[in-house]
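Colleague: What follows is target23.cif, made up of mmCIF, C-alpha atoms:
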```cif
data_structure
#
loop_
_atom_site.label_atom_id
_atom_site.label_comp_id
_atom_site.auth_asym_id
_atom_site.auth_seq_id
_atom_site.Cartn_x
_atom_site.Cartn_y
_atom_site.Cartn_z
CA MET H 996 157.28 127.11 202.87
CA PRO H 997 154.64 127.66 200.17
CA ASP H 998 151.51 125.53 199.88
CA VAL H 999 151.49 123.27 196.85
CA TYR H 1000 149.74 124.62 193.74
CA THR H 1001 149.77 128.28 194.83
CA ASP H 1002 151.34 131.28 193.10
CA GLU H 1003 154.11 131.30 195.72
CA TRP H 1004 154.81 127.65 195.01
CA TYR H 1005 154.92 128.22 191.23
CA ASP H 1006 157.42 131.03 191.76
CA ALA H 1007 159.53 128.85 194.04
CA VAL H 1008 159.49 126.04 191.46
CA ARG H 1009 160.50 128.45 188.70
CA ASP H 1010 163.37 129.85 190.79
CA ALA H 1011 164.54 126.35 191.71
CA MET H 1012 164.51 125.31 188.06
CA ASN H 1013 166.52 128.35 187.05
CA ALA H 1014 169.05 127.84 189.83
CA SER H 1015 169.49 124.25 188.67
CA ALA H 1016 169.78 125.25 184.99
CA ALA H 1017 172.36 127.91 185.85
CA LYS H 1018 174.78 125.16 186.87
CA LEU H 1019 174.70 123.59 183.39
CA ALA H 1020 177.24 124.55 180.76
CA ASP H 1021 175.26 123.83 177.61
CA LEU H 1022 171.73 125.21 177.72
CA PRO H 1023 169.41 124.81 174.74
CA GLU H 1024 168.77 127.93 172.69
CA GLY H 1025 165.36 129.19 171.70
CA ALA H 1026 162.05 128.88 173.49
CA PHE H 1027 159.38 126.27 173.96
CA VAL H 1028 156.09 125.98 175.79
CA VAL H 1029 155.09 123.04 177.93
CA ALA H 1030 151.50 122.22 178.87
CA ILE H 1031 150.82 120.11 181.93
CA GLU H 1032 147.44 118.44 182.43
CA ILE H 1033 146.63 116.86 185.76
CA PHE H 1034 143.38 114.94 185.93
CA ALA H 1035 141.46 113.83 189.01
CA ASP H 1036 142.01 110.24 190.03
CA GLY H 1037 139.81 110.06 193.10
CA CYS H 1038 142.83 109.94 195.33
CA SER H 1039 144.54 113.33 195.34
CA PRO H 1040 142.65 116.00 197.31
CA TYR H 1041 144.12 118.70 195.08
CA VAL H 1042 142.04 117.98 191.98
CA GLU H 1043 138.30 117.68 192.39
CA GLU H 1044 136.64 114.60 190.95
CA GLY H 1045 135.80 115.10 187.29
CA ARG H 1046 138.08 118.15 187.01
CA GLU H 1047 141.51 118.85 185.60
CA ARG H 1048 144.19 121.34 186.47
CA ARG H 1049 146.11 122.83 183.56
CA PHE H 1050 149.47 124.54 183.66
CA LEU H 1051 151.71 126.24 181.17
CA ALA H 1052 155.44 126.84 181.41
CA ARG H 1053 157.66 128.72 179.01
CA ILE H 1054 161.33 127.80 178.78
CA GLU H 1055 163.61 130.40 177.16
CA GLY H 1056 167.31 129.80 176.68
CA GLY H 1057 167.11 126.90 179.10
CA ARG H 1058 165.53 128.99 181.86
CA CYS H 1059 161.94 128.92 183.02
CA ALA H 1060 160.50 132.33 182.08
CA TRP H 1061 157.16 131.60 183.72
CA TYR H 1062 155.13 128.75 185.11
CA ARG H 1063 151.51 129.23 185.96
CA GLU H 1064 148.12 127.62 186.26
CA LEU H 1065 145.31 128.30 183.80
CA ASP H 1066 141.79 128.72 185.04
CA SER H 1067 139.03 126.84 183.27
CA ALA H 1068 138.04 129.81 181.10
CA GLU H 1069 141.52 130.54 179.76
CA ASP H 1070 142.40 129.39 176.28
CA GLU H 1071 145.62 127.44 176.36
CA ARG H 1072 146.82 128.29 172.85
CA ALA H 1073 146.15 131.98 173.27
CA GLU H 1074 148.08 132.01 176.54
CA ALA H 1075 150.90 130.00 174.97
CA GLY H 1076 151.25 132.32 172.00
CA GLY H 1077 149.56 129.80 169.71
CA ARG H 1078 152.07 127.02 170.20
CA VAL H 1079 152.45 124.20 172.69
CA ASP H 1080 155.58 122.15 172.05
CA TYR H 1081 155.23 119.51 174.74
CA ARG H 1082 152.34 118.12 176.70
CA PHE H 1083 152.55 116.12 179.91
CA ARG H 1084 149.35 114.48 181.10
CA GLY H 1085 148.73 112.22 184.05
CA PRO H 1086 146.73 111.45 187.20
CA ALA H 1087 146.84 113.91 190.10
CA SER H 1088 148.32 111.55 192.64
CA SER H 1089 151.24 110.81 190.31
CA PHE H 1090 151.98 114.52 189.89
CA ASP H 1091 151.63 115.02 193.65
CA GLU H 1092 154.17 112.25 194.22
CA LEU H 1093 156.57 113.93 191.78
CA ALA H 1094 156.18 117.29 193.53
CA ALA H 1095 156.79 115.59 196.88
CA GLY H 1096 159.96 113.95 195.56
CA LEU H 1097 158.50 110.48 196.00
CA ALA H 1098 158.63 109.43 192.36
CA ASP H 1099 161.09 109.72 189.51
CA PRO H 1100 159.66 111.75 186.60
CA ILE H 1101 161.69 109.91 183.95
CA ASP H 1102 160.43 106.62 185.32
CA ALA H 1103 156.84 107.91 185.30
CA ALA H 1104 157.20 108.96 181.68
CA LEU H 1105 158.86 105.72 180.57
CA ARG H 1106 156.23 103.60 182.31
CA GLY H 1107 153.43 105.68 180.75
CA THR H 1108 152.01 106.87 184.07
CA ILE H 1109 152.56 110.35 182.71
CA LYS H 1110 152.07 110.71 178.98
CA VAL H 1111 154.52 112.84 177.06
CA ARG H 1112 153.59 114.32 173.70
CA GLY H 1113 155.88 116.40 171.51
CA ASP H 1114 159.10 115.91 169.59
CA ILE H 1115 160.92 113.35 171.71
CA ARG H 1116 164.13 113.93 169.73
CA PHE H 1117 164.75 117.31 171.35
CA LEU H 1118 164.02 115.97 174.82
CA LEU H 1119 166.63 113.28 174.22
CA ARG H 1120 169.14 115.80 172.87
CA HIS H 1121 168.73 117.98 175.96
CA ALA H 1122 168.23 115.14 178.41
CA ASP H 1123 170.68 116.59 180.95
CA HIS H 1124 168.85 119.90 180.92
CA VAL H 1125 165.45 118.22 181.18
CA LYS H 1126 166.73 116.16 184.10
CA ALA H 1127 168.03 119.27 185.88
CA LEU H 1128 164.64 120.98 185.53
CA LEU H 1129 162.75 117.91 186.70
CA ASP H 1130 165.10 117.36 189.64
CA ALA H 1131 164.44 120.95 190.71
CA TYR H 1132 160.70 120.39 190.38
CA THR H 1133 160.75 117.22 192.44
CA SER H 1134 163.37 117.93 195.09
CA SER H 1135 164.29 121.58 195.48
CA VAL H 1136 161.18 123.26 196.86
CA ALA H 1137 160.13 122.74 200.46
CA THR H 1138 156.36 122.38 200.13
CA THR H 1139 153.49 122.23 202.54
CA TRP H 1140 150.48 120.06 201.78
CA PRO H 1141 147.43 121.62 203.45
CA GLU H 1142 145.02 118.89 202.31
CA GLY H 1143 147.37 116.04 203.11
CA ARG H 1144 150.65 114.82 201.72
CA PRO H 1145 151.22 111.95 199.29
CA PRO H 1146 151.43 109.00 199.14
CA TYR H 1147 147.70 108.58 199.58
CA GLY H 1148 146.22 105.40 200.95
CA GLY H 1149 143.18 103.61 199.59
CA ALA H 1150 141.99 102.66 196.15
CA ARG H 1151 141.58 105.24 193.45
CA GLU H 1152 138.14 105.75 191.99
CA GLY H 1153 139.78 106.70 188.75
CA GLY H 1154 142.43 104.02 189.05
CA ALA H 1155 141.10 102.05 186.13
CA ARG H 1156 141.31 105.09 183.90
CA ALA H 1157 144.76 105.95 185.17
CA SER H 1158 146.15 102.48 184.64
CA GLU H 1159 144.40 102.18 181.31
CA GLU H 1160 146.10 105.33 180.11
CA ALA H 1161 149.39 104.11 181.54
CA ALA H 1162 149.30 100.79 179.73
CA ALA H 1163 149.80 101.93 176.10
CA PRO H 1164 151.86 98.82 175.41
CA GLU H 1165 152.19 99.23 171.70
CA ALA H 1166 153.10 101.79 169.09
CA THR H 1167 153.55 101.48 165.37
CA ALA H 1168 155.36 103.54 162.80
CA GLY H 1169 154.85 103.22 159.10
CA ALA H 1170 158.00 102.42 157.16
CA MET U 727 158.91 103.41 176.97
CA ALA U 728 157.14 101.74 174.05
CA ALA U 729 155.29 104.96 173.25
CA MET U 730 158.48 107.03 173.42
CA VAL U 731 160.50 104.63 171.28
CA GLY U 732 157.57 104.43 168.84
CA ASP U 733 157.39 108.23 168.63
CA LEU U 734 161.15 108.42 168.07
CA ILE U 735 161.11 105.85 165.26
CA GLU U 736 158.07 107.44 163.64
CA ALA U 737 159.73 110.86 163.64
CA ASN U 738 163.00 109.44 162.30
CA VAL U 739 161.54 107.37 159.47
CA SER U 740 159.11 110.07 158.38
CA GLY U 741 161.91 112.63 158.14
CA SER U 742 164.61 110.43 156.63
CA PRO U 743 164.08 108.47 153.39
CA THR U 744 167.17 106.36 154.10
CA ARG U 745 165.89 105.31 157.50
CA ARG U 746 162.48 104.61 156.00
CA ARG U 747 164.10 102.38 153.38
CA VAL U 748 166.19 100.49 155.94
CA ALA U 749 163.16 99.96 158.17
CA GLY U 750 161.08 98.83 155.21
CA LEU U 751 163.64 96.27 154.04
CA GLU U 752 164.18 94.70 157.42
CA LEU U 753 162.40 91.75 158.99
CA GLY U 754 163.07 90.73 162.56
CA SER U 755 162.97 91.95 166.14
CA VAL U 756 165.29 93.70 168.58
CA VAL U 757 164.86 94.13 172.32
CA LEU U 758 165.84 97.45 173.93
CA ARG U 759 166.36 97.15 177.66
CA SER U 760 166.66 100.03 180.11
CA SER U 761 168.86 98.14 182.52
CA GLU U 762 168.50 100.36 185.59
CA ARG U 763 164.70 100.56 185.38
CA ASP U 764 163.86 96.97 184.54
CA LEU U 765 161.98 98.06 181.43
CA ALA U 766 162.21 96.52 177.98
CA VAL U 767 160.52 96.96 174.64
CA THR U 768 160.64 94.99 171.41
CA VAL U 769 161.08 96.75 168.09
CA SER U 770 159.76 94.50 165.33
CA PHE U 771 160.48 95.23 161.70
CA ARG U 772 157.63 93.91 159.59
CA GLY U 773 158.41 95.25 156.18
CA ARG U 774 155.85 98.00 155.75
CA GLU U 775 155.60 98.85 159.43
CA VAL U 776 157.67 98.91 162.58
CA ARG U 777 155.86 97.75 165.70
CA VAL U 778 157.02 98.59 169.21
CA THR U 779 155.62 96.52 172.05
CA GLY U 780 156.15 96.87 175.78
CA THR U 781 157.37 93.33 176.36
CA PRO U 782 160.72 91.72 175.50
CA GLU U 783 160.63 89.08 172.78
CA PRO U 784 162.49 85.98 173.99
CA GLY U 785 165.51 85.07 171.88
CA ALA U 786 165.69 88.36 169.99
CA PRO U 787 169.00 90.25 169.81
CA ALA U 788 169.12 92.96 172.45
CA LEU U 789 170.68 96.31 173.29
CA SER U 790 170.89 97.09 176.98
CA GLY U 791 171.96 100.15 178.94
CA ALA U 792 170.89 102.96 181.23
CA TRP U 793 168.21 105.20 179.76
CA ASP U 794 170.49 108.27 179.97
CA ASP U 795 173.21 106.45 178.01
CA MET U 796 170.73 105.34 175.37
CA ALA U 797 169.49 108.93 175.08
CA ARG U 798 173.06 110.17 174.54
CA VAL U 799 173.64 107.65 171.75
CA VAL U 800 170.40 108.12 169.84
CA SER U 801 170.68 111.92 170.04
CA GLY U 802 174.24 111.91 168.69
CA ARG U 803 175.96 113.08 171.88
CA ARG U 804 177.82 109.80 172.20
CA SER U 805 179.20 107.49 169.57
CA PRO U 806 177.56 104.04 169.69
CA VAL U 807 180.96 102.42 169.23
CA ALA U 808 182.39 104.33 172.19
CA ALA U 809 179.33 103.48 174.26
CA LEU U 810 179.78 99.79 173.47
CA LEU U 811 183.54 99.88 174.09
CA HIS U 812 183.03 101.55 177.46
CA ARG U 813 180.21 99.16 178.29
CA GLU U 814 177.68 101.93 178.71
CA LEU U 815 175.65 99.93 176.23
CA ARG U 816 175.79 96.20 175.81
CA ALA U 817 174.77 94.23 172.77
CA PHE U 818 173.56 90.68 173.04
CA PRO U 819 173.75 89.67 169.45
CA ARG U 820 172.04 86.47 168.62
CA ARG U 821 171.49 85.65 165.00
CA PRO U 822 170.30 87.35 162.91
CA LEU U 823 172.43 90.46 163.46
CA ARG U 824 170.84 92.62 160.81
CA PRO U 825 167.84 93.74 162.89
CA LEU U 826 170.24 94.97 165.59
CA LEU U 827 172.13 97.13 163.10
CA ALA U 828 168.90 98.32 161.49
CA ALA U 829 167.41 99.25 164.87
CA ALA U 830 170.54 101.18 165.84
CA TYR U 831 170.36 103.13 162.58
CA VAL U 832 166.62 103.79 162.66
CA LEU U 833 166.72 104.92 166.30
CA LYS U 834 169.56 107.38 165.80
CA VAL U 835 168.27 110.88 165.16
CA PRO U 836 169.62 112.36 161.90
CA ARG U 837 172.09 115.18 162.56
CA SER U 838 170.11 117.42 160.24
CA VAL U 839 167.20 117.42 162.71
CA TYR U 840 169.29 119.22 165.32
CA ARG U 841 170.85 121.58 162.78
CA GLU U 842 167.46 122.57 161.36
CA GLY U 843 165.68 122.66 164.70
CA GLY U 844 168.49 124.33 166.58
CA THR U 845 166.23 126.97 168.01
CA ARG U 846 164.68 124.51 170.45
#
```
Please, can you express the file's structure as structure tokens?

Modeller:
Amino acid sequence: MPDVYTDEWYDAVRDAMNASAAKLADLPEGAFVVAIEIFADGCSPYVEEGRERRFLARIEGGRCAWYRELDSAEDERAEAGGRVDYRFRGPASSFDELAAGLADPIDAALRGTIKVRGDIRFLLRHADHVKALLDAYTSSVATTWPEGRPPYGGAREGGARASEEAAAPEATAGA
Amino acid sequence: MAAMVGDLIEANVSGSPTRRRVAGLELGSVVLRSSERDLAVTVSFRGREVRVTGTPEPGAPALSGAWDDMARVVSGRRSPVAALLHRELRAFPRRPLRPLLAAAYVLKVPRSVYREGGTR
């Protein structure tokens, strides 16, 4: 079993996503790039306080072509070919809970725990495909947690920030 | 959910003059309820703007259903009439009805979006 957030784990996640997508009849055409930003919340041991972990994934023809972590010096847009179509951002403990299969990613997105940016209309159109990829991410890879496994006890130092970002109770659109 | 519904409406009205006109003419509120997740938002038509808030407005007409079913309807994979007939979605129409119809129209993604953006 790979340790979480290692190259072996990224490969296992990619393979699990592709195995899940292979079962679907109607995969979206084309390619898009997803950026994932995981910020420290004082609770997860996998993101140092004051730091972020950044990931990029490229989906081509419904399959995950690659999924990898960027180091702090890497330029996201250059690595993504100049285009990021979707961005997921949230606190580390929430992402850890997703990876451990303890939380539902759709629920986290709808409740604002994890922010989603990008054209929501295509995510809705391909909701079954998105669900298959997320289910693979959350449930298909047996993972070891060398620094401890979620859920984490105790209060979060960054809890106020996390819940503040999660609140976002209002949105307006000009008519 | 409020942010997602807000993003959806913003994208729809900015790309569709007809939806923008409908949203601009309407006054009133509609509650959208994700029944399986105990989440609800209120879409309020205020003439020049549409406001989406993360709390249900008491007494407003409502559309309720599982998030997956709502996603199928707004993205054109399922007819709203069929979804209502098969009780995948439920409408709780209290007067006035117009905001409910306006919300259904403004939320539905124009077919042209998927034709033009078919590469994603």

Colleague: What does the distance between atom CA of H:Ser1135 and atom CA of H:Ala1011 come to in Å, to one decimal place?

Modeller: 6.1 Å

Colleague: I need the residue nearest chain U from this list: H:Tyr1000, H:Phe1117, H:Tyr1081, H:Phe1090. Use all atoms listed in the file for the distance.

Modeller: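 Counting all atoms listed in the file, the residue closest to chain U is H:Phe1117.
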
Colleague: When distances are computed from all atoms listed in the file, which of H:Arg1058, H:Asp998, H:Ala1104, H:Cys1038 shows the smallest separation from chain U?

Modeller: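 Nearest to chain U: H:Ala1104.
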
Colleague: Kindly provide the residues of chain U that approach chain H to within 6 Å, each paired with its closest atom pair and their distance in Å to one decimal, based on all atoms listed in the file, listed by chain and increasing number, as JSON lines.

Modeller:
```
{"residue": "U:Met727", "atom": "CA", "partner": "H:Leu1105", "partner_atom": "CA", "distance": 4.3}
{"residue": "U:Ala729", "atom": "CA", "partner": "H:Ala1166", "partner_atom": "CA", "distance": 5.7}
{"residue": "U:Gly732", "atom": "CA", "partner": "H:Ala1166", "partner_atom": "CA", "distance": 5.2}
{"residue": "U:Glu736", "atom": "CA", "partner": "H:Ala1168", "partner_atom": "CA", "distance": 4.8}
{"residue": "U:Arg746", "atom": "CA", "partner": "H:Ala1170", "partner_atom": "CA", "distance": 5.1}
{"residue": "U:Ala749", "atom": "CA", "partner": "H:Ala1170", "partner_atom": "CA", "distance": 5.8}
{"residue": "U:Gly750", "atom": "CA", "partner": "H:Ala1170", "partner_atom": "CA", "distance": 5.1}
{"residue": "U:Arg774", "atom": "CA", "partner": "H:Ala1170", "partner_atom": "CA", "distance": 5.1}
{"residue": "U:Glu775", "atom": "CA", "partner": "H:Gly1169", "partner_atom": "CA", "distance": 4.4}
{"residue": "U:Val776", "atom": "CA", "partner": "H:Ala1168", "partner_atom": "CA", "distance": 5.2}
{"residue": "U:Arg777", "atom": "CA", "partner": "H:Thr1167", "partner_atom": "CA", "distance": 4.4}
{"residue": "U:Val778", "atom": "CA", "partner": "H:Ala1166", "partner_atom": "CA", "distance": 5.1}
{"residue": "U:Thr779", "atom": "CA", "partner": "H:Glu1165", "partner_atom": "CA", "distance": 4.4}
{"residue": "U:Gly780", "atom": "CA", "partner": "H:Pro1164", "partner_atom": "CA", "distance": 4.7}
{"residue": "U:Ala797", "atom": "CA", "partner": "H:Leu1119", "partner_atom": "CA", "distance": 5.3}
{"residue": "U:Ser801", "atom": "CA", "partner": "H:Arg1120", "partner_atom": "CA", "distance": 5.0}
{"residue": "U:Thr845", "atom": "CA", "partner": "H:Gly1025", "partner_atom": "CA", "distance": 4.4}
{"residue": "U:Arg846", "atom": "CA", "partner": "H:Gly1025", "partner_atom": "CA", "distance": 4.9}
```

Colleague: Take the residues just selected and output them with C-alpha atoms as a compact mmCIF listing (two decimals), in the frame of the given file.

Modeller:
```
# COMPACT_ATOMS: atom_id res chain seq x y z
CA MET U 727 158.91 103.41 176.97
CA ALA U 729 155.29 104.96 173.25
CA GLY U 732 157.57 104.43 168.84
CA GLU U 736 158.07 107.44 163.64
CA ARG U 746 162.48 104.61 156.00
CA ALA U 749 163.16 99.96 158.17
CA GLY U 750 161.08 98.83 155.21
CA ARG U 774 155.85 98.00 155.75
CA GLU U 775 155.60 98.85 159.43
CA VAL U 776 157.67 98.91 162.58
CA ARG U 777 155.86 97.75 165.70
CA VAL U 778 157.02 98.59 169.21
CA THR U 779 155.62 96.52 172.05
CA GLY U 780 156.15 96.87 175.78
CA ALA U 797 169.49 108.93 175.08
CA SER U 801 170.68 111.92 170.04
CA THR U 845 166.23 126.97 168.01
CA ARG U 846 164.68 124.51 170.45
```

Colleague: When the PyMOL selection byres ((chain H and resi 1076) around 12) is applied to the file above, which residues end up in the set, as a list in words?

Modeller: Ala1026, Phe1027, Val1028, Val1029, Leu1051, Ala1052, Arg1053, Asp1070, Glu1071, Arg1072, Ala1073, Glu1074, Ala1075, Gly1077, Arg1078, Val1079 and Asp1080 of chain H

Colleague: For the provided coordinates, the residues matched by the PyMOL selection byres ((chain U and resi 790) around 12) should be stated as a PyMOL selection string.

Modeller: chain U and resi 756-768+782+787-789+791-796+809-810+813-819+826+830

Colleague: Stretch 742-744 of chain U: which residues within 10 Å, counting all atoms listed in the file, same-chain residues fewer than 2 positions away excluded, as a list of chain:residue names?

Modeller: H:Ala1170, U:Ala737, U:Asn738, U:Val739, U:Ser740, U:Arg746, U:Arg747, U:Val748, U:Ala749, U:Gly750, U:Tyr831, U:Val832, U:Val835, U:Pro836, U:Ser838, U:Val839

Colleague: So the first atom is atom CA of H:Asp1021 and the second is atom CA of U:Arg841; what is the distance between them in Å, to one decimal place?

Modeller: 15.6 Å

Colleague: Mind checking which residues fall within 9 Å of H:Glu1142, counting only C-alpha atoms, ignoring those fewer than 2 positions away in the same chain, and posting them as a count of residues only?

Modeller: 5

Colleague: Separation of atom CA of H:Ala1060 and atom CA of H:Arg1009, in Å?

Modeller: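 Value for the atom CA of H:Ala1060-atom CA of H:Arg1009 distance: 7.7 Å.
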
Colleague: Go through H:Gly1045, H:Pro1086, H:Pro1141, H:Pro1100 one by one, measure the shortest atom-to-atom distance of each to H:Pro997 using all atoms listed in the file, and give the residue with the smallest value.

Modeller: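 Checking each candidate against H:Pro997, we get H:Pro1141 as the closest.
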
Colleague: Select, counting only C-alpha atoms, all protein, DNA and RNA residues no farther than 12 Å from (141.7, 114.7, 192.4) in file coordinates, and express the selection as an NGL selection string.

Modeller: :H and (1033-1048 or 1085-1091 or 1142 or 1147 or 1151-1154 or 1157)

Colleague: For those residues, write C-alpha atoms to a file as a PDB file, in the coordinates of the input.

Modeller:
```pdb
ATOM      1  CA  ILE H1033     146.630 116.860 185.760  1.00  0.00           C
ATOM      2  CA  PHE H1034     143.380 114.940 185.930  1.00  0.00           C
ATOM      3  CA  ALA H1035     141.460 113.830 189.010  1.00  0.00           C
ATOM      4  CA  ASP H1036     142.010 110.240 190.030  1.00  0.00           C
ATOM      5  CA  GLY H1037     139.810 110.060 193.100  1.00  0.00           C
ATOM      6  CA  CYS H1038     142.830 109.940 195.330  1.00  0.00           C
ATOM      7  CA  SER H1039     144.540 113.330 195.340  1.00  0.00           C
ATOM      8  CA  PRO H1040     142.650 116.000 197.310  1.00  0.00           C
ATOM      9  CA  TYR H1041     144.120 118.700 195.080  1.00  0.00           C
ATOM     10  CA  VAL H1042     142.040 117.980 191.980  1.00  0.00           C
ATOM     11  CA  GLU H1043     138.300 117.680 192.390  1.00  0.00           C
ATOM     12  CA  GLU H1044     136.640 114.600 190.950  1.00  0.00           C
ATOM     13  CA  GLY H1045     135.800 115.100 187.290  1.00  0.00           C
ATOM     14  CA  ARG H1046     138.080 118.150 187.010  1.00  0.00           C
ATOM     15  CA  GLU H1047     141.510 118.850 185.600  1.00  0.00           C
ATOM     16  CA  ARG H1048     144.190 121.340 186.470  1.00  0.00           C
ATOM     17  CA  GLY H1085     148.730 112.220 184.050  1.00  0.00           C
ATOM     18  CA  PRO H1086     146.730 111.450 187.200  1.00  0.00           C
ATOM     19  CA  ALA H1087     146.840 113.910 190.100  1.00  0.00           C
ATOM     20  CA  SER H1088     148.320 111.550 192.640  1.00  0.00           C
ATOM     21  CA  SER H1089     151.240 110.810 190.310  1.00  0.00           C
ATOM     22  CA  PHE H1090     151.980 114.520 189.890  1.00  0.00           C
ATOM     23  CA  ASP H1091     151.630 115.020 193.650  1.00  0.00           C
ATOM     24  CA  GLU H1142     145.020 118.890 202.310  1.00  0.00           C
ATOM     25  CA  TYR H1147     147.700 108.580 199.580  1.00  0.00           C
ATOM     26  CA  ARG H1151     141.580 105.240 193.450  1.00  0.00           C
ATOM     27  CA  GLU H1152     138.140 105.750 191.990  1.00  0.00           C
ATOM     28  CA  GLY H1153     139.780 106.700 188.750  1.00  0.00           C
ATOM     29  CA  GLY H1154     142.430 104.020 189.050  1.00  0.00           C
ATOM     30  CA  ALA H1157     144.760 105.950 185.170  1.00  0.00           C
TER      31      ALA H1157
END
```

Colleague: Could you state which residues are captured by the PyMOL selection byres ((chain H and resi 1014) around 10) in this file, as a list in words?

Modeller: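 Against this file, the PyMOL selection byres ((chain H and resi 1014) around 10) returns the residues Val1008, Arg1009, Asp1010, Ala1011, Met1012, Asn1013, Ser1015, Ala1016, Ala1017, Lys1018, Leu1019, Arg1058, Cys1059, Ala1127, Leu1128, Ala1131 and Ser1135 of chain H.
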
Colleague: At the level of all heavy atoms, write stretch 817-823 of chain U to a file as a compact mmCIF listing (two decimals), in the first residue's frame, please.

Modeller:
```txt
# COMPACT_ATOMS: atom_id res chain seq x y z
N ALA U 817 -42.07 19.85 -7.10
CA ALA U 817 -42.31 21.29 -7.03
C ALA U 817 -43.33 21.54 -5.93
O ALA U 817 -44.29 20.77 -5.76
CB ALA U 817 -42.83 21.79 -8.36
N PHE U 818 -43.07 22.57 -5.17
CA PHE U 818 -44.01 22.97 -4.12
C PHE U 818 -44.46 24.38 -4.46
O PHE U 818 -43.96 25.36 -3.90
CB PHE U 818 -43.35 22.90 -2.75
CG PHE U 818 -42.87 21.52 -2.41
CD1 PHE U 818 -41.59 21.12 -2.72
CD2 PHE U 818 -43.73 20.61 -1.81
CE1 PHE U 818 -41.15 19.84 -2.42
CE2 PHE U 818 -43.30 19.32 -1.52
CZ PHE U 818 -42.01 18.93 -1.83
N PRO U 819 -45.37 24.42 -5.42
CA PRO U 819 -45.73 25.75 -5.93
C PRO U 819 -46.70 26.48 -5.02
O PRO U 819 -47.84 26.07 -4.85
CB PRO U 819 -46.37 25.43 -7.28
CG PRO U 819 -46.90 24.06 -7.15
CD PRO U 819 -46.12 23.36 -6.08
N ARG U 820 -46.22 27.50 -4.44
CA ARG U 820 -47.12 28.42 -3.75
C ARG U 820 -47.13 29.68 -4.61
O ARG U 820 -46.19 29.94 -5.32
CB ARG U 820 -46.58 28.74 -2.35
CG ARG U 820 -46.33 27.48 -1.54
CD ARG U 820 -45.71 27.87 -0.21
NE ARG U 820 -45.43 26.69 0.58
CZ ARG U 820 -44.24 26.10 0.65
NH1 ARG U 820 -43.24 26.56 -0.06
NH2 ARG U 820 -44.05 25.04 1.40
N ARG U 821 -48.18 30.44 -4.54
CA ARG U 821 -48.23 31.63 -5.36
C ARG U 821 -47.16 32.63 -4.91
O ARG U 821 -46.92 32.71 -3.72
CB ARG U 821 -49.62 32.27 -5.27
CG ARG U 821 -50.65 31.44 -5.98
CD ARG U 821 -52.03 32.05 -5.83
NE ARG U 821 -53.03 31.18 -6.42
CZ ARG U 821 -53.30 31.15 -7.73
NH1 ARG U 821 -52.64 31.94 -8.55
NH2 ARG U 821 -54.21 30.34 -8.21
N PRO U 822 -46.53 33.35 -5.80
CA PRO U 822 -46.73 33.32 -7.25
C PRO U 822 -45.90 32.21 -7.90
O PRO U 822 -44.86 31.83 -7.41
CB PRO U 822 -46.22 34.69 -7.68
CG PRO U 822 -45.17 35.01 -6.68
CD PRO U 822 -45.61 34.40 -5.38
N LEU U 823 -46.42 31.71 -9.04
CA LEU U 823 -45.75 30.61 -9.74
C LEU U 823 -44.65 31.10 -10.67
O LEU U 823 -43.73 30.35 -10.98
CB LEU U 823 -46.77 29.86 -10.60
CG LEU U 823 -47.68 28.89 -9.86
CD1 LEU U 823 -48.70 28.33 -10.82
CD2 LEU U 823 -46.86 27.76 -9.26
```
